[in-house]
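What's in data_18.cif: mmCIF, C-alpha atoms
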data_entry
#
loop_
_atom_site.label_atom_id
_atom_site.label_comp_id
_atom_site.auth_asym_id
_atom_site.auth_seq_id
_atom_site.Cartn_x
_atom_site.Cartn_y
_atom_site.Cartn_z
CA MET Y 1 0.00 0.00 0.00
CA ALA Y 2 2.87 2.39 0.83
CA LEU Y 3 4.47 1.72 -2.55
CA LEU Y 4 1.13 2.29 -4.28
CA LEU Y 5 0.83 5.71 -2.62
CA LEU Y 6 4.35 6.65 -3.69
CA ALA Y 7 3.71 5.39 -7.23
CA TYR Y 8 0.58 7.56 -7.41
CA LEU Y 9 2.61 10.62 -6.37
CA GLY Y 10 5.18 9.95 -9.09
CA VAL Y 11 2.60 9.33 -11.81
CA SER Y 12 0.55 12.35 -10.76
CA LEU Y 13 3.56 14.66 -10.79
CA ALA Y 14 4.71 13.34 -14.18
CA VAL Y 15 1.27 13.69 -15.77
CA LYS Y 16 0.78 17.21 -14.46
CA THR Y 17 4.23 18.59 -15.21
CA VAL Y 18 5.27 16.60 -18.30
CA ALA Y 19 2.05 15.71 -20.11
CA TYR Y 20 0.14 18.90 -19.26
CA ILE Y 21 3.16 21.18 -18.72
CA LEU Y 22 1.78 22.57 -15.46
CA PRO Y 23 4.31 24.40 -13.26
CA LEU Y 24 6.14 22.12 -10.82
CA ARG Y 25 5.98 24.81 -8.12
CA ASP Y 26 2.16 24.52 -8.08
CA ASN Y 27 1.96 20.73 -8.20
CA LEU Y 28 4.13 19.49 -5.37
CA PRO Y 29 2.32 17.32 -2.78
CA LEU Y 30 2.18 20.16 -0.25
CA HIS Y 31 -1.55 20.67 0.15
CA ILE Y 32 -2.90 18.76 3.17
CA CYS Y 33 -4.15 15.91 0.98
CA GLY Y 34 -0.86 15.51 -0.90
CA ALA Y 35 1.09 15.70 2.34
CA SER Y 36 -1.22 13.10 3.87
CA ILE Y 37 -0.37 10.75 0.98
CA VAL Y 38 3.37 11.26 1.59
CA LEU Y 39 2.98 10.84 5.35
CA GLY Y 40 0.56 7.96 4.80
CA ALA Y 41 3.16 6.09 2.75
CA ILE Y 42 5.79 6.62 5.46
CA MET Y 43 3.27 5.71 8.17
CA LEU Y 44 2.39 2.44 6.47
CA TRP Y 45 5.98 1.55 5.60
CA ARG Y 46 7.18 2.16 9.17
CA ARG Y 47 3.93 1.23 10.93
CA SER Y 48 4.18 4.56 12.74
CA TYR Y 49 1.36 5.35 15.14
CA GLN Y 50 2.67 8.91 15.60
CA LEU Y 51 2.24 9.60 11.90
CA PHE Y 52 -1.19 7.98 11.96
CA GLU Y 53 -2.28 10.58 14.51
CA VAL Y 54 -1.70 13.28 11.89
CA VAL Y 55 -2.62 11.31 8.76
CA TYR Y 56 -5.96 10.33 10.28
CA PHE Y 57 -7.12 13.94 10.60
CA TRP Y 58 -5.47 15.23 7.43
CA GLY Y 59 -6.56 12.26 5.38
CA ILE Y 60 -10.20 12.40 6.46
CA GLY Y 61 -10.75 16.11 7.13
CA GLY Y 62 -8.68 17.45 4.26
CA THR Y 63 -9.88 14.87 1.79
CA LEU Y 64 -13.57 15.31 2.56
CA ALA Y 65 -13.24 19.09 2.25
CA ALA Y 66 -11.49 18.67 -1.10
CA LEU Y 67 -14.03 16.17 -2.37
CA PHE Y 68 -16.98 18.37 -1.44
CA THR Y 69 -15.41 21.49 -2.99
CA PRO Y 70 -12.83 20.35 -5.57
CA ASP Y 71 -10.55 23.09 -6.90
CA LEU Y 72 -10.64 21.74 -10.46
CA LEU Y 73 -11.16 23.29 -13.84
CA GLU Y 74 -11.48 19.96 -15.65
CA GLY Y 75 -14.45 17.62 -15.50
CA PHE Y 76 -14.88 13.90 -15.90
CA PRO Y 77 -13.22 12.03 -17.69
CA HIS Y 78 -10.23 14.38 -17.99
CA PRO Y 79 -7.01 12.76 -16.66
CA LEU Y 80 -6.46 15.62 -14.18
CA PHE Y 81 -9.96 15.07 -12.81
CA LEU Y 82 -9.26 11.34 -12.44
CA LEU Y 83 -5.89 12.00 -10.79
CA PHE Y 84 -7.50 14.39 -8.32
CA PHE Y 85 -10.12 11.90 -7.19
CA ALA Y 86 -7.73 8.94 -7.25
CA GLY Y 87 -5.29 10.82 -5.03
CA HIS Y 88 -7.94 11.69 -2.51
CA GLY Y 89 -9.11 8.08 -2.56
CA PHE Y 90 -5.54 6.98 -1.83
CA SER Y 91 -5.39 9.43 1.06
CA LEU Y 92 -8.52 7.87 2.57
CA SER Y 93 -7.16 4.39 1.83
CA ALA Y 94 -4.02 5.10 3.86
CA VAL Y 95 -6.18 6.08 6.84
CA ALA Y 96 -8.38 3.02 6.43
CA PHE Y 97 -5.34 0.74 6.11
CA GLY Y 98 -3.80 2.25 9.25
CA ALA Y 99 -7.04 1.85 11.20
CA LEU Y 100 -8.14 -1.56 9.94
CA VAL Y 101 -4.87 -3.38 9.23
CA CYS Y 102 -2.45 -1.72 11.64
CA ASP Y 103 -5.19 -1.39 14.29
CA PHE Y 104 -4.36 2.27 14.91
CA ARG Y 105 -6.92 4.66 16.34
CA PRO Y 106 -6.77 8.28 17.44
CA ARG Y 107 -6.81 9.17 21.13
CA PRO Y 108 -8.17 12.39 22.63
CA ALA Y 109 -4.61 13.75 22.71
CA SER Y 110 -4.32 13.01 18.98
CA VAL Y 111 -6.65 15.91 18.23
CA ALA Y 112 -4.36 18.41 19.95
CA MET Y 113 -1.27 16.82 18.41
CA ALA Y 114 -2.73 16.94 14.89
CA LEU Y 115 -3.81 20.56 15.35
CA GLY Y 116 -0.35 21.53 16.61
CA VAL Y 117 1.36 19.80 13.69
CA THR Y 118 -1.11 21.44 11.31
CA GLY Y 119 -0.30 24.88 12.70
CA ILE Y 120 3.44 24.30 12.36
CA TYR Y 121 2.96 22.88 8.86
CA ALA Y 122 0.86 25.90 7.84
CA ALA Y 123 3.60 28.28 9.05
CA LEU Y 124 6.22 26.35 7.04
CA ILE Y 125 3.99 26.24 3.96
CA PHE Y 126 3.36 29.98 4.23
CA ALA Y 127 7.14 30.48 3.91
CA VAL Y 128 7.24 28.01 0.99
CA ASN Y 129 4.44 29.95 -0.71
CA LEU Y 130 6.41 33.18 -0.35
CA LEU Y 131 9.50 31.54 -1.83
CA LEU Y 132 7.75 29.76 -4.72
CA GLY Y 133 4.92 32.18 -5.43
CA SER Y 134 2.50 29.29 -4.84
CA ASN Y 135 -0.75 28.96 -2.90
CA TYR Y 136 -0.53 25.74 -0.92
CA LEU Y 137 -3.16 25.40 1.82
CA TYR Y 138 -4.80 28.45 0.20
CA LEU Y 139 -2.82 30.69 2.53
CA MET Y 140 -2.11 33.34 -0.12
CA HIS Y 141 -5.54 33.63 -1.75
CA LYS Y 142 -8.83 31.79 -1.98
CA PRO Y 143 -9.27 28.76 -4.25
CA ALA Y 144 -10.34 29.48 -7.81
CA GLN Y 145 -13.46 27.34 -7.40
CA PRO Y 146 -16.27 28.05 -4.89
CA SER Y 147 -15.59 26.68 -1.41
CA ILE Y 148 -16.27 27.26 2.27
CA VAL Y 149 -13.40 29.77 2.24
CA ASP Y 150 -15.68 32.14 0.32
CA PHE Y 151 -17.77 32.54 3.50
CA LEU Y 152 -14.82 33.29 5.79
CA GLY Y 153 -14.05 36.86 4.77
CA PRO Y 154 -11.23 38.46 2.79
CA TRP Y 155 -7.54 37.59 2.90
CA PRO Y 156 -5.83 37.36 5.39
CA TRP Y 157 -8.80 37.18 7.77
CA TYR Y 158 -10.20 34.02 6.25
CA ILE Y 159 -7.11 32.18 7.53
CA ILE Y 160 -8.47 32.60 11.08
CA GLY Y 161 -11.76 31.14 9.87
CA LEU Y 162 -9.87 28.25 8.24
CA ALA Y 163 -8.13 27.58 11.56
CA ALA Y 164 -11.50 27.49 13.35
CA VAL Y 165 -12.95 25.17 10.68
CA THR Y 166 -9.89 22.93 11.07
CA VAL Y 167 -10.53 22.61 14.81
CA VAL Y 168 -14.19 21.72 14.22
CA VAL Y 169 -13.31 19.21 11.49
CA CYS Y 170 -10.72 17.50 13.70
CA LEU Y 171 -13.23 17.24 16.54
CA LEU Y 172 -15.81 15.79 14.15
CA CYS Y 173 -13.25 13.27 12.86
CA TYR Y 174 -12.60 12.16 16.42
CA LEU Y 175 -16.31 12.06 17.34
CA PRO Y 176 -16.96 8.42 16.29
CA TYR Y 177 -14.17 7.24 18.59
CA ALA Y 178 -15.38 9.48 21.43
CA VAL Y 179 -18.91 8.09 21.10
CA ARG Y 180 -17.59 4.52 20.91
CA ASP Y 181 -15.46 5.04 24.03
CA TRP Y 182 -18.39 6.61 25.87
CA LEU Y 183 -20.67 3.69 24.97
CA MET Y 184 -18.01 1.15 25.99
CA ASP Y 185 -17.62 2.98 29.32
CA ILE Y 186 -21.38 2.78 29.91
CA ARG Y 187 -21.34 -0.97 29.17
CA ARG Y 188 -18.44 -1.54 31.57
CA ARG Y 189 -20.31 0.21 34.37
CA ARG Y 190 -23.32 -2.08 34.02
#

Could you spell out this file's structure in structure tokens?
Amino acid sequence: MALLLLAYLGVSLAVKTVAYILPLRDNLPLHICGASIVLGAIMLWRRSYQLFEVVYFWGIGGTLAALFTPDLLEGFPHPLFLLFFAGHGFSLSAVAFGALVCDFRPRPASVAMALGVTGIYAALIFAVNLLLGSNYLYLMHKPAQPSIVDFLGPWPWYIIGLAAVTVVVCLLCYLPYAVRDWLMDIRRRR
């Protein structure tokens, strides 16, 4: 599975930059979903629970946001459309593999850890954006396609809204485990 994720990244980068001559600086796997594929491959290869704690939230939260509001100009069956959805499917697959095969699960502390890593990552990516003239994590301007960011105000204020949405999404991603733990606790008390 780890090798499949890495192969996807290579094929995706080649198709975008060689076949469609899109700028490399805009097509690196630095958005949350691309980074979750990279981290997901490392997580699976090394069986790293610490990486799972980040990949779980990035892979589910980031991917679902991207799938509901894709920043795409091409429609089905264009190869870039297919690559976009395949990549996000691979991101979710890494999370599922970690949870179902490796038996990983987030803990309450995982939420805070993932949010902290996300904040640090966003600060690093902001610097990368300044260096490359790119827009990873949509920190420099809003996506070209309609999204939730459109409701969060102008730049740079929408970044605060994105941070708040990220907290809510991470809590929602953890909610099934919180409910399961709560129900298990009730059963143990009986």

- Which of these residues is nearest to Arg46 in chain Y, using only C-alpha atoms: Y:Ile186, Y:Ala2, Y:Ala7, Y:Leu72? Y:Ala2

- All residues 12 Å or closer to Val128 in chain Y, only C-alpha atoms, same chain fewer than 6 positions away omitted, as a ChimeraX atom specification: /Y:25-26,28,30-31,121-122,134-137,139-140

Keeping only C-alpha atoms, write the selected residues as a short mmCIF file (atom, residue, chain, number, x, y, z; two decimals), in the coordinates of the input.
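Result saved to selection_20.cif:
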data_model
loop_
_atom_site.label_atom_id
_atom_site.label_comp_id
_atom_site.auth_asym_id
_atom_site.auth_seq_id
_atom_site.Cartn_x
_atom_site.Cartn_y
_atom_site.Cartn_z
CA ARG Y 25 5.98 24.81 -8.12
CA ASP Y 26 2.16 24.52 -8.08
CA LEU Y 28 4.13 19.49 -5.37
CA LEU Y 30 2.18 20.16 -0.25
CA HIS Y 31 -1.55 20.67 0.15
CA TYR Y 121 2.96 22.88 8.86
CA ALA Y 122 0.86 25.90 7.84
CA SER Y 134 2.50 29.29 -4.84
CA ASN Y 135 -0.75 28.96 -2.90
CA TYR Y 136 -0.53 25.74 -0.92
CA LEU Y 137 -3.16 25.40 1.82
CA LEU Y 139 -2.82 30.69 2.53
CA MET Y 140 -2.11 33.34 -0.12
#

- Task: Dig up all the protein and nucleic acid residues within 8 Å of (-3.8, 8.7, 15.6) in the file frame, using only C-alpha atoms, and format them as a VMD selection string.
- Result: chain Y and resid 49 to 57 104 to 107 110

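Checking Y:Ser93, Y:Thr69, Y:Thr166, Y:Asn129 one by one against Pro143 in chain Y, counting only C-alpha atoms, you find the shortest gap at Y:Thr69.
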
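Distances here use all atoms listed in the file; by that measure, the residue among Y:Ala35, Y:Met43, Y:Ile60, Y:Leu22 closest to Ile125 in chain Y is Y:Ala35.
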
- Task: Name the residues captured by the PyMOL selection byres ((chain Y and resi 108) around 12) when it is applied to the shown file; answer as a PyMOL selection string.
- Result: chain Y and resi 53+105-107+109-115+170-179+181

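Computed from the coordinates, the CA of Val95 in chain Y to CA of Phe151 in chain Y distance equals 29.1 Å.
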
- Item | Among the residues Y:Arg180, Y:Arg187, Y:His141, Y:Arg47, the one that comes closest to Pro154 in chain Y [using all atoms listed in the file] | Y:His141

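If you measure from each of Y:Ile37, Y:Ile32, Y:Ala164, Y:Ala127 to Ala65 in chain Y using only C-alpha atoms, the closest one turns out to be Y:Ile32.
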
Could you give me, as CSV, every range 13-58 of chain Y residue with an atom at most 9 Å from range 75-88 of chain Y, plus its closest atom pair and distance in Å to one decimal, counting all atoms listed in the file, rows ordered by chain then number?
residue,atom,partner,partner_atom,distance
Y:Val15,CA,Y:Leu80,CA,8.1
Y:Lys16,CA,Y:Leu80,CA,7.4
Y:Tyr20,CA,Y:Leu80,CA,9.0
Y:Cys33,CA,Y:His88,CA,6.7
Y:Gly34,CA,Y:Gly87,CA,7.7
Y:Ile37,CA,Y:Gly87,CA,7.8

With C-alpha atoms retained, export the selected residues as a PDB file, in the frame of the given file.
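Below is the file that was written, result15.pdb:
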ATOM      1  CA  VAL Y  15       1.270  13.690 -15.770  1.00  0.00           C
ATOM      2  CA  LYS Y  16       0.780  17.210 -14.460  1.00  0.00           C
ATOM      3  CA  TYR Y  20       0.140  18.900 -19.260  1.00  0.00           C
ATOM      4  CA  CYS Y  33      -4.150  15.910   0.980  1.00  0.00           C
ATOM      5  CA  GLY Y  34      -0.860  15.510  -0.900  1.00  0.00           C
ATOM      6  CA  ILE Y  37      -0.370  10.750   0.980  1.00  0.00           C
TER       7      ILE Y  37
END

- Item | Atomic separation - CA of Asp103 in chain Y relative to CA of Met1 in chain Y, Å | 15.3 Å

- Go ahead and find all residues with at least one atom no further than 8 Å from (3.8, 6.4, 3.6) in the file's coordinates, using only C-alpha atoms; report them as a VMD selection string. chain Y and resid 2 to 3 5 to 6 37 to 46 94

Residues of the last selection are to be written out with C-alpha atoms, as a PDB file, in the frame of the given file.
ATOM      1  CA  ALA Y   2       2.870   2.390   0.830  1.00  0.00           C
ATOM      2  CA  LEU Y   3       4.470   1.720  -2.550  1.00  0.00           C
ATOM      3  CA  LEU Y   5       0.830   5.710  -2.620  1.00  0.00           C
ATOM      4  CA  LEU Y   6       4.350   6.650  -3.690  1.00  0.00           C
ATOM      5  CA  ILE Y  37      -0.370  10.750   0.980  1.00  0.00           C
ATOM      6  CA  VAL Y  38       3.370  11.260   1.590  1.00  0.00           C
ATOM      7  CA  LEU Y  39       2.980  10.840   5.350  1.00  0.00           C
ATOM      8  CA  GLY Y  40       0.560   7.960   4.800  1.00  0.00           C
ATOM      9  CA  ALA Y  41       3.160   6.090   2.750  1.00  0.00           C
ATOM     10  CA  ILE Y  42       5.790   6.620   5.460  1.00  0.00           C
ATOM     11  CA  MET Y  43       3.270   5.710   8.170  1.00  0.00           C
ATOM     12  CA  LEU Y  44       2.390   2.440   6.470  1.00  0.00           C
ATOM     13  CA  TRP Y  45       5.980   1.550   5.600  1.00  0.00           C
ATOM     14  CA  ARG Y  46       7.180   2.160   9.170  1.00  0.00           C
ATOM     15  CA  ALA Y  94      -4.020   5.100   3.860  1.00  0.00           C
TER      16      ALA Y  94
END

To test the calculation: enclose all listed atoms of range 140-158 of chain Y in a box whose edges run along x, y and z, add 5 Å on each side, then state centre and edge lengths in Å to one decimal, as lines of an AutoDock Vina configuration file.
center_x = -9.9
center_y = 32.6
center_z = 0.0
size_x = 25.7
size_y = 21.8
size_z = 25.6

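Between CA of Ser91 in chain Y and CA of Pro70 in chain Y there is a distance of 14.8 Å.
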
- Rank Y:Trp58, Y:Leu100, Y:Trp157, Y:Ala144 by their smallest atom-to-atom distance to Val117 in chain Y, using only C-alpha atoms, and report the top residue only. Y:Trp58
